$ cat model26.txt   # compact mmCIF, C-alpha atoms
# COMPACT_ATOMS: atom_id res chain seq x y z
CA MET X 1 -42.46 -45.00 -2.64
CA PRO X 2 -41.30 -42.70 0.15
CA SER X 3 -42.81 -43.16 3.59
CA PRO X 4 -45.64 -40.81 4.68
CA THR X 5 -43.23 -38.87 6.91
CA GLN X 6 -40.83 -38.44 3.98
CA VAL X 7 -43.66 -37.24 1.75
CA VAL X 8 -44.76 -34.65 4.31
CA ALA X 9 -41.15 -33.55 4.86
CA LEU X 10 -40.87 -32.91 1.12
CA LEU X 11 -44.14 -30.97 1.04
CA LYS X 12 -42.97 -28.79 3.92
CA ALA X 13 -39.51 -28.26 2.45
CA GLN X 14 -41.07 -27.15 -0.84
CA ASN X 15 -43.68 -25.00 0.93
CA ILE X 16 -46.49 -26.92 -0.79
CA ARG X 17 -49.68 -25.95 1.03
CA HIS X 18 -52.30 -27.95 -0.91
CA VAL X 19 -52.25 -31.64 -1.79
CA ARG X 20 -54.71 -34.06 -3.34
CA LEU X 21 -54.68 -37.73 -2.33
CA TYR X 22 -56.19 -40.42 -4.57
CA ASP X 23 -57.47 -42.24 -1.50
CA ALA X 24 -57.62 -41.48 2.22
CA ASP X 25 -54.50 -43.31 3.37
CA ARG X 26 -54.53 -43.35 7.16
CA ALA X 27 -50.76 -43.18 7.65
CA LEU X 28 -50.43 -40.22 5.29
CA LEU X 29 -53.35 -38.37 6.88
CA LEU X 30 -51.74 -38.87 10.29
CA ALA X 31 -48.41 -37.58 8.95
CA LEU X 32 -50.19 -34.49 7.56
CA ALA X 33 -51.65 -33.67 10.98
CA ASN X 34 -50.72 -30.29 12.48
CA THR X 35 -49.01 -29.12 9.28
CA GLY X 36 -51.82 -26.83 8.14
CA ILE X 37 -51.53 -28.31 4.62
CA ARG X 38 -54.95 -28.30 2.94
CA VAL X 39 -55.83 -31.85 1.94
CA THR X 40 -58.31 -33.20 -0.60
CA VAL X 41 -59.07 -36.87 0.09
CA SER X 42 -60.70 -39.19 -2.44
CA VAL X 43 -63.21 -42.01 -2.57
CA PRO X 44 -61.56 -44.56 -4.93
CA ASN X 45 -63.64 -45.66 -7.91
CA ASP X 46 -63.90 -49.22 -6.63
CA GLN X 47 -65.74 -48.00 -3.51
CA LEU X 48 -68.20 -45.74 -5.31
CA LEU X 49 -70.97 -48.27 -6.00
CA GLY X 50 -71.18 -49.32 -2.36
CA ILE X 51 -71.21 -45.75 -1.03
CA GLY X 52 -73.72 -44.55 -3.62
CA GLN X 53 -76.23 -47.21 -2.60
CA SER X 54 -75.86 -47.17 1.18
CA ASN X 55 -76.26 -44.34 3.65
CA ALA X 56 -74.45 -46.45 6.26
CA SER X 57 -71.49 -47.11 3.93
CA ALA X 58 -71.14 -43.38 3.20
CA ALA X 59 -71.37 -42.49 6.90
CA ASN X 60 -68.79 -45.14 7.78
CA TRP X 61 -66.42 -43.89 5.08
CA VAL X 62 -66.65 -40.31 6.39
CA ALA X 63 -66.25 -41.43 10.01
CA ARG X 64 -63.17 -43.52 9.22
CA ASN X 65 -61.43 -41.25 6.71
CA VAL X 66 -62.47 -37.73 7.68
CA ILE X 67 -63.92 -37.39 11.18
CA ALA X 68 -61.10 -39.52 12.63
CA HIS X 69 -58.52 -36.98 11.34
CA VAL X 70 -60.03 -33.50 11.62
CA PRO X 71 -59.29 -30.91 12.84
CA ALA X 72 -55.63 -31.97 13.29
CA THR X 73 -55.44 -32.80 9.57
CA ASN X 74 -56.79 -29.93 7.50
CA ILE X 75 -59.14 -31.81 5.15
CA THR X 76 -60.93 -29.29 2.93
CA ALA X 77 -62.50 -31.39 0.16
CA ILE X 78 -63.58 -34.89 -0.81
CA ALA X 79 -63.25 -36.01 -4.42
CA VAL X 80 -65.80 -38.76 -4.96
CA GLY X 81 -64.42 -41.07 -7.62
CA SER X 82 -62.33 -39.92 -10.57
CA GLU X 83 -63.55 -39.45 -14.16
CA ILE X 84 -66.50 -41.76 -13.49
CA LEU X 85 -68.51 -40.80 -16.58
CA THR X 86 -65.69 -41.72 -18.94
CA THR X 87 -63.91 -44.55 -17.10
CA LEU X 88 -66.62 -46.26 -15.05
CA PRO X 89 -69.92 -45.38 -16.75
CA ASN X 90 -71.82 -48.25 -15.09
CA ALA X 91 -71.39 -46.38 -11.77
CA ALA X 92 -72.72 -43.10 -13.21
CA PRO X 93 -76.32 -43.69 -12.01
CA VAL X 94 -75.19 -43.67 -8.36
CA LEU X 95 -72.63 -40.84 -8.66
CA VAL X 96 -74.88 -38.01 -7.47
CA SER X 97 -76.32 -40.27 -4.77
CA ALA X 98 -72.78 -40.92 -3.50
CA LEU X 99 -72.06 -37.16 -3.39
CA LYS X 100 -75.26 -36.48 -1.48
CA LEU X 101 -74.73 -39.29 1.04
CA ILE X 102 -71.12 -38.21 1.71
CA HIS X 103 -72.34 -34.61 2.13
CA SER X 104 -75.12 -35.70 4.50
CA ALA X 105 -72.55 -37.45 6.69
CA LEU X 106 -70.56 -34.21 6.83
CA VAL X 107 -73.71 -32.24 7.72
CA ALA X 108 -74.39 -34.63 10.59
CA SER X 109 -70.96 -33.81 12.02
CA ASN X 110 -71.22 -30.09 11.26
CA LEU X 111 -68.30 -30.32 8.81
CA ASP X 112 -70.13 -29.36 5.60
CA GLY X 113 -69.05 -25.72 5.93
CA GLN X 114 -65.35 -26.48 5.75
CA ILE X 115 -65.27 -29.60 3.56
CA LYS X 116 -66.61 -29.45 0.00
CA VAL X 117 -67.77 -32.52 -1.93
CA SER X 118 -67.41 -32.92 -5.70
CA THR X 119 -66.20 -35.36 -8.38
CA PRO X 120 -63.40 -34.88 -10.96
CA HIS X 121 -64.26 -35.08 -14.66
CA SER X 122 -62.14 -35.65 -17.72
CA SER X 123 -62.30 -32.73 -20.14
CA SER X 124 -63.36 -35.29 -22.78
CA ILE X 125 -66.97 -35.08 -21.48
CA ILE X 126 -67.08 -31.73 -23.32
CA LEU X 127 -67.94 -31.94 -27.00
CA ASP X 128 -66.79 -29.34 -29.53
CA SER X 129 -64.57 -27.54 -27.04
CA PHE X 130 -63.51 -24.90 -29.58
CA PRO X 131 -64.75 -22.32 -29.92
CA PRO X 132 -65.44 -22.42 -26.17
CA SER X 133 -68.73 -20.54 -26.55
CA GLN X 134 -70.17 -23.48 -28.52
CA ALA X 135 -69.01 -26.17 -26.09
CA PHE X 136 -71.51 -28.48 -24.44
CA PHE X 137 -71.41 -31.63 -22.35
CA ASN X 138 -72.12 -34.95 -24.02
CA ARG X 139 -75.95 -34.84 -23.92
CA SER X 140 -76.19 -38.50 -22.99
CA TRP X 141 -74.89 -37.49 -19.55
CA ASP X 142 -77.60 -34.85 -18.91
CA PRO X 143 -79.49 -37.15 -16.46
CA VAL X 144 -76.33 -37.13 -14.32
CA MET X 145 -74.89 -33.70 -15.09
CA VAL X 146 -77.97 -31.62 -14.31
CA PRO X 147 -78.56 -33.02 -10.80
CA LEU X 148 -74.79 -32.96 -10.22
CA LEU X 149 -74.58 -29.25 -11.03
CA LYS X 150 -77.65 -28.59 -8.86
CA PHE X 151 -75.87 -30.34 -5.99
CA LEU X 152 -72.64 -28.33 -6.50
CA GLN X 153 -74.60 -25.09 -6.69
CA SER X 154 -76.72 -25.76 -3.60
CA THR X 155 -73.75 -26.81 -1.45
CA GLY X 156 -71.39 -24.06 -2.58
CA SER X 157 -68.99 -26.58 -4.05
CA TYR X 158 -67.03 -26.47 -7.31
CA PHE X 159 -66.77 -28.34 -10.59
CA MET X 160 -63.65 -30.53 -10.56
CA LEU X 161 -61.95 -30.70 -13.96
CA ASN X 162 -58.89 -32.62 -15.18
CA ALA X 163 -57.29 -30.52 -17.94
CA TYR X 164 -54.41 -31.86 -20.03
CA PRO X 165 -53.25 -29.62 -22.90
CA TYR X 166 -50.58 -32.29 -23.54
CA TYR X 167 -53.23 -34.77 -24.67
CA ASP X 168 -55.17 -32.09 -26.55
CA TYR X 169 -51.96 -31.31 -28.44
CA MET X 170 -51.11 -34.97 -29.07
CA GLN X 171 -54.60 -35.76 -30.38
CA SER X 172 -54.93 -32.69 -32.60
CA ASN X 173 -52.85 -34.11 -35.49
CA GLY X 174 -50.85 -30.90 -35.75
CA VAL X 175 -53.83 -28.52 -35.56
CA ILE X 176 -52.84 -27.22 -32.10
CA PRO X 177 -49.39 -25.52 -32.12
CA LEU X 178 -46.99 -26.69 -29.40
CA ASP X 179 -46.46 -23.10 -28.20
CA TYR X 180 -50.23 -22.74 -27.71
CA ALA X 181 -50.24 -25.85 -25.48
CA LEU X 182 -47.18 -24.71 -23.48
CA PHE X 183 -48.39 -21.15 -22.67
CA ARG X 184 -45.58 -19.72 -24.80
CA PRO X 185 -46.21 -16.20 -26.12
CA LEU X 186 -47.99 -16.11 -29.47
CA PRO X 187 -48.10 -13.28 -32.01
CA PRO X 188 -51.60 -11.74 -32.14
CA ASN X 189 -52.32 -13.31 -35.54
CA LYS X 190 -51.66 -16.77 -34.07
CA GLU X 191 -54.02 -16.39 -31.11
CA ALA X 192 -57.25 -18.37 -31.31
CA VAL X 193 -60.32 -16.15 -31.48
CA ASP X 194 -63.82 -17.27 -30.53
CA ALA X 195 -65.88 -15.81 -33.38
CA ASN X 196 -69.02 -15.68 -31.22
CA THR X 197 -67.57 -13.78 -28.27
CA LEU X 198 -64.46 -12.26 -29.93
CA LEU X 199 -62.48 -13.48 -26.92
CA HIS X 200 -58.81 -14.16 -27.65
CA TYR X 201 -57.21 -17.38 -26.39
CA THR X 202 -53.44 -17.55 -25.94
CA ASN X 203 -53.27 -21.08 -24.51
CA VAL X 204 -55.13 -24.40 -24.53
CA PHE X 205 -55.63 -24.43 -20.75
CA ASP X 206 -57.81 -21.30 -20.73
CA ALA X 207 -59.80 -22.55 -23.72
CA VAL X 208 -60.59 -25.86 -21.97
CA VAL X 209 -61.60 -24.13 -18.73
CA ASP X 210 -63.82 -21.63 -20.56
CA ALA X 211 -65.35 -24.43 -22.64
CA THR X 212 -66.39 -25.99 -19.32
CA TYR X 213 -67.88 -22.70 -18.09
CA PHE X 214 -69.86 -22.36 -21.34
CA ALA X 215 -70.99 -26.02 -21.19
CA MET X 216 -72.34 -25.39 -17.69
CA SER X 217 -74.09 -22.19 -18.79
CA TYR X 218 -75.70 -24.16 -21.63
CA LEU X 219 -77.46 -26.10 -18.86
CA ASN X 220 -78.28 -22.80 -17.07
CA PHE X 221 -75.62 -23.03 -14.37
CA THR X 222 -73.52 -19.88 -14.31
CA ASN X 223 -72.19 -19.62 -10.76
CA VAL X 224 -70.35 -22.89 -10.17
CA PRO X 225 -66.58 -22.24 -10.00
CA ILE X 226 -64.04 -24.58 -11.58
CA PHE X 227 -61.10 -26.20 -9.81
CA VAL X 228 -58.57 -28.02 -12.01
CA MET X 229 -57.71 -31.18 -10.10
CA GLU X 230 -55.05 -32.44 -12.51
CA SER X 231 -52.82 -30.76 -15.05
CA GLY X 232 -49.23 -31.34 -16.06
CA TRP X 233 -46.82 -32.51 -18.74
CA PRO X 234 -44.69 -35.68 -18.91
CA SER X 235 -40.90 -35.24 -18.85
CA LYS X 236 -40.09 -38.39 -20.81
CA GLY X 237 -41.78 -40.48 -23.49
CA ASP X 238 -41.21 -43.14 -26.10
CA SER X 239 -40.64 -42.58 -29.83
CA SER X 240 -44.34 -41.87 -30.40
CA GLU X 241 -44.27 -39.09 -27.77
CA PRO X 242 -41.56 -36.70 -29.02
CA GLU X 243 -42.87 -33.71 -27.05
CA ALA X 244 -42.69 -35.51 -23.68
CA THR X 245 -39.37 -33.90 -22.72
CA LEU X 246 -37.79 -32.37 -19.63
CA GLU X 247 -37.76 -28.94 -21.22
CA ASN X 248 -41.42 -29.05 -22.28
CA ALA X 249 -42.52 -30.37 -18.89
CA ASN X 250 -40.56 -27.62 -17.19
CA THR X 251 -41.96 -24.98 -19.54
CA TYR X 252 -45.57 -26.11 -19.13
CA ASN X 253 -45.58 -26.44 -15.36
CA SER X 254 -43.59 -23.25 -14.81
CA ASN X 255 -45.92 -21.28 -17.07
CA LEU X 256 -48.98 -22.92 -15.52
CA ILE X 257 -47.92 -21.87 -12.02
CA ARG X 258 -47.16 -18.34 -13.19
CA HIS X 259 -50.49 -18.14 -15.03
CA VAL X 260 -52.51 -19.28 -12.01
CA LEU X 261 -50.65 -17.18 -9.46
CA ASN X 262 -50.90 -13.91 -11.37
CA ASN X 263 -54.71 -14.14 -11.13
CA THR X 264 -55.34 -13.30 -14.78
CA GLY X 265 -58.17 -15.85 -14.83
CA THR X 266 -59.55 -16.82 -18.25
CA PRO X 267 -60.91 -14.68 -21.09
CA LYS X 268 -64.50 -15.48 -20.02
CA HIS X 269 -63.79 -14.86 -16.32
CA PRO X 270 -60.82 -12.49 -16.08
CA ARG X 271 -59.20 -11.98 -12.68
CA ILE X 272 -60.94 -15.07 -11.25
CA ALA X 273 -58.06 -17.44 -10.52
CA VAL X 274 -58.48 -21.10 -11.46
CA SER X 275 -57.11 -23.10 -8.53
CA THR X 276 -55.07 -25.93 -10.01
CA TYR X 277 -53.28 -29.07 -8.84
CA ILE X 278 -50.16 -30.21 -10.69
CA TYR X 279 -50.15 -33.87 -11.66
CA GLU X 280 -48.09 -35.16 -10.01
CA LEU X 281 -45.70 -35.06 -7.07
CA TYR X 282 -43.68 -38.25 -7.82
CA ASN X 283 -42.76 -40.21 -10.93
CA GLU X 284 -44.30 -43.70 -10.92
CA ASP X 285 -41.81 -46.16 -12.39
CA LEU X 286 -44.16 -49.15 -12.07
CA ARG X 287 -47.19 -47.57 -13.73
CA PRO X 288 -48.21 -49.57 -16.83
CA GLY X 289 -48.61 -48.07 -20.28
CA PRO X 290 -46.34 -45.87 -22.40
CA ILE X 291 -43.16 -44.37 -20.93
CA SER X 292 -44.85 -41.00 -20.45
CA GLU X 293 -47.27 -42.55 -17.93
CA LYS X 294 -44.34 -43.15 -15.58
CA ASN X 295 -42.94 -39.63 -15.91
CA TRP X 296 -45.43 -36.93 -14.88
CA GLY X 297 -43.76 -36.29 -11.51
CA LEU X 298 -41.91 -33.24 -10.25
CA PHE X 299 -39.75 -35.54 -8.10
CA ASP X 300 -38.24 -39.00 -8.25
CA ALA X 301 -39.23 -41.39 -5.48
CA ASN X 302 -36.00 -40.50 -3.63
CA GLY X 303 -37.15 -36.88 -3.38
CA MET X 304 -34.74 -35.55 -6.03
CA PRO X 305 -36.31 -33.02 -8.40
CA VAL X 306 -36.77 -34.21 -11.97
CA TYR X 307 -36.13 -30.59 -13.01
CA THR X 308 -36.04 -27.17 -11.38
CA LEU X 309 -38.99 -25.06 -12.44
CA HIS X 310 -38.26 -21.79 -14.26
CA LEU X 311 -39.93 -19.50 -11.75
CA THR X 312 -39.10 -15.88 -11.07
CA GLY X 313 -40.73 -13.48 -8.65
CA GLY X 314 -43.44 -14.21 -6.15
CA GLY X 315 -40.99 -15.96 -3.84
CA THR X 316 -42.14 -19.34 -5.14
CA VAL X 317 -39.59 -22.11 -5.50
CA LEU X 318 -40.85 -25.56 -6.37
CA ALA X 319 -39.03 -28.75 -7.30
CA ASN X 320 -35.84 -27.25 -5.94
CA ASP X 321 -33.03 -29.57 -4.86
CA THR X 322 -33.65 -29.30 -1.12
CA THR X 323 -31.12 -32.08 -0.50
CA ASN X 324 -28.28 -29.96 -1.95
CA GLN X 325 -26.62 -33.21 -2.96
CA THR X 326 -26.61 -33.04 -6.76
CA PHE X 327 -23.27 -32.25 -8.42
CA CYS X 328 -21.96 -31.86 -11.96
CA VAL X 329 -18.66 -33.69 -12.47
CA ALA X 330 -16.31 -34.52 -15.33
CA GLU X 331 -16.75 -38.13 -16.32
CA GLU X 332 -13.79 -40.45 -16.07
CA GLY X 333 -12.13 -40.98 -19.45
CA ALA X 334 -13.22 -37.63 -20.91
CA ASP X 335 -10.86 -36.08 -23.50
CA PRO X 336 -8.38 -33.88 -21.52
CA LYS X 337 -8.18 -31.31 -24.34
CA MET X 338 -11.95 -30.91 -24.39
CA LEU X 339 -11.98 -30.69 -20.61
CA GLN X 340 -9.38 -27.93 -20.69
CA ALA X 341 -11.35 -25.98 -23.31
CA ALA X 342 -14.55 -26.29 -21.29
CA LEU X 343 -12.66 -25.35 -18.10
CA ASP X 344 -11.39 -22.20 -19.84
CA TRP X 345 -14.96 -21.35 -20.92
CA ALA X 346 -16.40 -21.88 -17.43
CA CYS X 347 -13.73 -19.69 -15.81
CA GLY X 348 -14.05 -17.07 -18.57
CA PRO X 349 -17.40 -16.46 -20.35
CA GLY X 350 -19.15 -18.71 -17.81
CA LYS X 351 -18.09 -16.23 -15.08
CA VAL X 352 -17.26 -18.91 -12.50
CA ASP X 353 -14.96 -17.73 -9.70
CA CYS X 354 -11.99 -20.01 -10.33
CA SER X 355 -9.62 -18.27 -7.91
CA TYR X 356 -9.93 -21.30 -5.60
CA LEU X 357 -8.05 -23.34 -8.24
CA LEU X 358 -4.91 -21.16 -8.12
CA GLN X 359 -1.69 -22.51 -6.56
CA GLY X 360 -1.86 -22.25 -2.79
CA GLN X 361 -5.66 -22.02 -2.76
CA PRO X 362 -8.00 -24.66 -1.19
CA CYS X 363 -8.96 -26.43 -4.45
CA TYR X 364 -5.58 -26.42 -6.22
CA GLU X 365 -4.90 -30.05 -5.28
CA PRO X 366 -5.23 -32.46 -6.95
CA ASN X 367 -3.60 -30.42 -9.70
CA ASN X 368 -5.05 -32.08 -12.79
CA VAL X 369 -7.50 -31.05 -15.47
CA VAL X 370 -10.21 -33.52 -14.41
CA ALA X 371 -10.34 -32.21 -10.83
CA HIS X 372 -10.17 -28.55 -11.86
CA ALA X 373 -12.79 -29.03 -14.59
CA THR X 374 -15.11 -30.78 -12.13
CA TYR X 375 -14.81 -27.85 -9.71
CA ALA X 376 -15.57 -25.33 -12.46
CA PHE X 377 -18.39 -27.32 -14.06
CA ASN X 378 -20.11 -27.87 -10.72
CA ALA X 379 -19.68 -24.23 -9.67
CA TYR X 380 -21.42 -23.21 -12.92
CA PHE X 381 -24.14 -25.85 -12.42
CA GLN X 382 -24.87 -24.62 -8.89
CA LYS X 383 -24.71 -20.96 -9.98
CA MET X 384 -27.36 -21.67 -12.61
CA ALA X 385 -29.61 -23.21 -9.92
CA LYS X 386 -29.12 -26.70 -11.39
CA SER X 387 -31.26 -25.82 -14.40
CA PRO X 388 -31.66 -28.59 -17.00
CA GLY X 389 -28.82 -28.54 -19.54
CA THR X 390 -26.34 -26.55 -17.44
CA CYS X 391 -24.25 -29.69 -16.86
CA ASP X 392 -24.03 -30.30 -20.62
CA PHE X 393 -20.68 -28.83 -21.68
CA LYS X 394 -20.24 -29.13 -25.43
CA GLY X 395 -17.90 -31.92 -26.42
CA VAL X 396 -17.23 -32.93 -22.82
CA ALA X 397 -18.53 -35.97 -20.99
CA THR X 398 -20.14 -34.76 -17.77
CA ILE X 399 -22.57 -36.35 -15.38
CA THR X 400 -24.82 -35.27 -12.56
CA THR X 401 -24.36 -37.34 -9.44
CA THR X 402 -25.46 -37.51 -5.83
CA ASP X 403 -22.20 -39.16 -4.82
CA GLN X 404 -20.53 -36.53 -2.66
CA SER X 405 -17.21 -38.41 -2.66
CA LYS X 406 -16.88 -37.68 -6.40
CA GLN X 407 -17.28 -34.00 -5.71
$ encode --input "model26.txt" --output "structure tokens"
Amino acid sequence: MPSPTQVVALLKAQNIRHVRLYDADRALLLALANTGIRVTVSVPNDQLLGIGQSNASAANWVARNVIAHVPATNITAIAVGSEILTTLPNAAPVLVSALKLIHSALVASNLDGQIKVSTPHSSSIILDSFPPSQAFFNRSWDPVMVPLLKFLQSTGSYFMLNAYPYYDYMQSNGVIPLDYALFRPLPPNKEAVDANTLLHYTNVFDAVVDATYFAMSYLNFTNVPIFVMESGWPSKGDSSEPEATLENANTYNSNLIRHVLNNTGTPKHPRIAVSTYIYELYNEDLRPGPISEKNWGLFDANGMPVYTLHLTGGGTVLANDTTNQTFCVAEEGADPKMLQAALDWACGPGKVDCSYLLQGQPCYEPNNVVAHATYAFNAYFQKMAKSPGTCDFKGVATITTTDQSKQ
């Protein structure tokens, strides 16, 4: 993995202003100092039992991982555990205790006003999530959920939710249309309608968030906001994951960003934005499990974007190639006739400025079809902002490379 300074350099280059850590890594928190980036730190699951049963352990954790870094590092939230109810149920009885003890340590240092405490939940704790108005939490968790929601309400914190339309789609056995999961526009007759509220749902994400709002209201909590702490789409999968593709990942994350930033909110709470973290910054090539588990990242470990998000307006550019070192080149051994045809297309319909290839111009030499095609292909690739597929010239072997000598 990149070093902490490399990670922070990438965040700054991409103008990423909020980041969630799955622990409270000291080196990374030091690297984030004086950047202004808003940081959520996390209590790992394996530390939850100790913290939930010991005031001293909680105070020590806060002293070591929070107080030691603020205000230089802008820590704004603590996520206590992750999906405890569904992945570590034996720790559930001490979950609320852990939240309260962490919060008490913040109060003692007068930090409770700026740092919120909560715990992320899998959306699978919600039963019968459609229609959203009939959704409710698994009742067996009421002894935890009710005091948890009381804590969030009394401290002005928020409900942390992990929402994955990708998994909802995969597990629906064809019931959920792919377009509905990807935020693609649907004709009115394809929109999902909640028969109880007559609210129209155009995407899975909104339906899951509203199901959570309704599940909370079922327990008489109506003023706890929701933050989505994880959402995303894998860019690669094995044969059993045909929709884990670059294009779908790009479409989902681009549409998710657009949906959150335009402040449309959800059908139940229009114009109330749902703050959302994209899972995740980097691909994890050593993560066990199916291929998709390794490929949720926006960037490879070397900082190269896995894809460039389709974003327009708002001045937001994310997962852009800030290294400017990716090129599209003709592969050695490609058919010269096909290269010439593709070169003609790039300089014609492709609207590449090929005047530099004319005799006497800077890129005339070497005067062969491979060199000229490489110039034209790469000029088109760069002109199209390195979008996925723009280095794929029909019938021609091309590659993307970071080797500047080839260019």
$ residues_around --input "model26.txt" --residues "Glu284 (chain X)" --least-positions-apart "2" --cutoff "10 Å" --atoms "all atoms listed in the file" --output "ChimeraX atom specification"
/X:1,280-282,286-288,292-297,299-301
$ residues_around --input "model26.txt" --residues "region 68-73 of chain X" --least-positions-apart "6" --cutoff "9 Å" --atoms "all atoms listed in the file" --output "PyMOL selection string"
chain X and resi 26+29-39+62
$ residues_around --input "model26.txt" --residues "Phe159 (chain X)" --least-positions-apart "6" --cutoff "9 Å" --atoms "only C-alpha atoms" --output "PyMOL selection string"
chain X and resi 118-121+149+152+224-228
$ closest_residue --input "model26.txt" --among "X:Thr40, X:Asn262, X:Asn367, X:Asn378" --to "Ile115 (chain X)" --atoms "all atoms listed in the file"
X:Thr40
$ residues_around --input "model26.txt" --residues "region 106-114 of chain X" --least-positions-apart "2" --cutoff "12 Å" --atoms "only C-alpha atoms" --output "ChimeraX atom specification"
/X:38-40,58-63,65-68,70-71,74-78,99-104,116-117,154-157
$ closest_residue --input "model26.txt" --among "X:Asp179, X:Met216, X:Asn173, X:Tyr252" --to "Asn138 (chain X)" --atoms "all atoms listed in the file"
X:Met216
$ residues_around --input "model26.txt" --residues "Ser122 (chain X)" --least-positions-apart "5" --cutoff "10 Å" --atoms "all atoms listed in the file" --output "count of residues only"
13
$ atom_distance --input "model26.txt" --atom1 "CA of Ala207 (chain X)" --atom2 "CA of Ser129 (chain X)"
7.7 Å
$ atom_distance --input "model26.txt" --atom1 "CA of Gly81 (chain X)" --atom2 "CA of Ser231 (chain X)"
17.2 Å
$ closest_residue --input "model26.txt" --among "X:Thr222, X:Asn248, X:Leu298, X:Val146" --to "Leu11 (chain X)" --atoms "only C-alpha atoms"
X:Leu298
$ atom_distance --input "model26.txt" --atom1 "CA of Gln382 (chain X)" --atom2 "CA of Ala13 (chain X)"
18.9 Å
$ closest_residue --input "model26.txt" --among "X:Val7, X:Leu95, X:Tyr167, X:Lys351" --to "Ala244 (chain X)" --atoms "all atoms listed in the file"
X:Tyr167
$ closest_residue --input "model26.txt" --among "X:Ala249, X:Cys363, X:Pro89, X:Phe381" --to "Cys328 (chain X)" --atoms "all atoms listed in the file"
X:Phe381
$ closest_residue --input "model26.txt" --among "X:Gly174, X:Pro305, X:Pro234, X:Pro44" --to "Leu10 (chain X)" --atoms "all atoms listed in the file"
X:Pro305
$ residues_near_point --input "model26.txt" --point "(-57.9, -14.9, -14.6)" --cutoff "12 Å" --atoms "only C-alpha atoms" --output "PyMOL selection string"
chain X and resi 205-206+209-210+226+258-275
$ decode --input "model26.txt" --residues "region 359-372 of chain X" --atoms "N, CA and C atoms" --output "PDB file, in the first residue's frame"
ATOM      1  N   GLN X 359       4.875  16.277 -43.053  1.00  0.00           N
ATOM      2  CA  GLN X 359       6.315  16.395 -43.300  1.00  0.00           C
ATOM      3  C   GLN X 359       6.824  17.772 -42.870  1.00  0.00           C
ATOM      4  N   GLY X 360       7.912  17.760 -42.119  1.00  0.00           N
ATOM      5  CA  GLY X 360       8.481  19.008 -41.629  1.00  0.00           C
ATOM      6  C   GLY X 360       7.960  19.423 -40.270  1.00  0.00           C
ATOM      7  N   GLN X 361       6.940  18.714 -39.767  1.00  0.00           N
ATOM      8  CA  GLN X 361       6.370  19.044 -38.456  1.00  0.00           C
ATOM      9  C   GLN X 361       7.024  18.178 -37.369  1.00  0.00           C
ATOM     10  N   PRO X 362       6.855  18.571 -36.074  1.00  0.00           N
ATOM     11  CA  PRO X 362       7.624  17.932 -34.983  1.00  0.00           C
ATOM     12  C   PRO X 362       7.455  16.426 -34.868  1.00  0.00           C
ATOM     13  N   CYS X 363       6.277  15.872 -35.242  1.00  0.00           N
ATOM     14  CA  CYS X 363       6.033  14.443 -35.003  1.00  0.00           C
ATOM     15  C   CYS X 363       6.035  13.624 -36.292  1.00  0.00           C
ATOM     16  N   TYR X 364       6.620  14.196 -37.373  1.00  0.00           N
ATOM     17  CA  TYR X 364       6.676  13.456 -38.641  1.00  0.00           C
ATOM     18  C   TYR X 364       7.591  12.241 -38.526  1.00  0.00           C
ATOM     19  N   GLU X 365       8.738  12.419 -37.883  1.00  0.00           N
ATOM     20  CA  GLU X 365       9.676  11.307 -37.685  1.00  0.00           C
ATOM     21  C   GLU X 365       9.394  10.632 -36.333  1.00  0.00           C
ATOM     22  N   PRO X 366       9.510   9.302 -36.250  1.00  0.00           N
ATOM     23  CA  PRO X 366       9.789   8.377 -37.362  1.00  0.00           C
ATOM     24  C   PRO X 366       8.566   8.233 -38.277  1.00  0.00           C
ATOM     25  N   ASN X 367       8.827   8.247 -39.562  1.00  0.00           N
ATOM     26  CA  ASN X 367       7.752   8.241 -40.557  1.00  0.00           C
ATOM     27  C   ASN X 367       7.309   6.811 -40.832  1.00  0.00           C
ATOM     28  N   ASN X 368       6.542   6.245 -39.897  1.00  0.00           N
ATOM     29  CA  ASN X 368       5.950   4.927 -40.127  1.00  0.00           C
ATOM     30  C   ASN X 368       4.563   4.892 -39.489  1.00  0.00           C
ATOM     31  N   VAL X 369       3.772   3.927 -39.913  1.00  0.00           N
ATOM     32  CA  VAL X 369       2.367   3.901 -39.505  1.00  0.00           C
ATOM     33  C   VAL X 369       2.206   3.641 -38.005  1.00  0.00           C
ATOM     34  N   VAL X 370       3.120   2.865 -37.417  1.00  0.00           N
ATOM     35  CA  VAL X 370       3.007   2.573 -35.988  1.00  0.00           C
ATOM     36  C   VAL X 370       3.182   3.850 -35.175  1.00  0.00           C
ATOM     37  N   ALA X 371       4.224   4.637 -35.499  1.00  0.00           N
ATOM     38  CA  ALA X 371       4.488   5.867 -34.753  1.00  0.00           C
ATOM     39  C   ALA X 371       3.368   6.884 -34.955  1.00  0.00           C
ATOM     40  N   HIS X 372       2.925   7.053 -36.207  1.00  0.00           N
ATOM     41  CA  HIS X 372       1.862   8.020 -36.479  1.00  0.00           C
ATOM     42  C   HIS X 372       0.546   7.598 -35.833  1.00  0.00           C
TER      43      HIS X 372
END
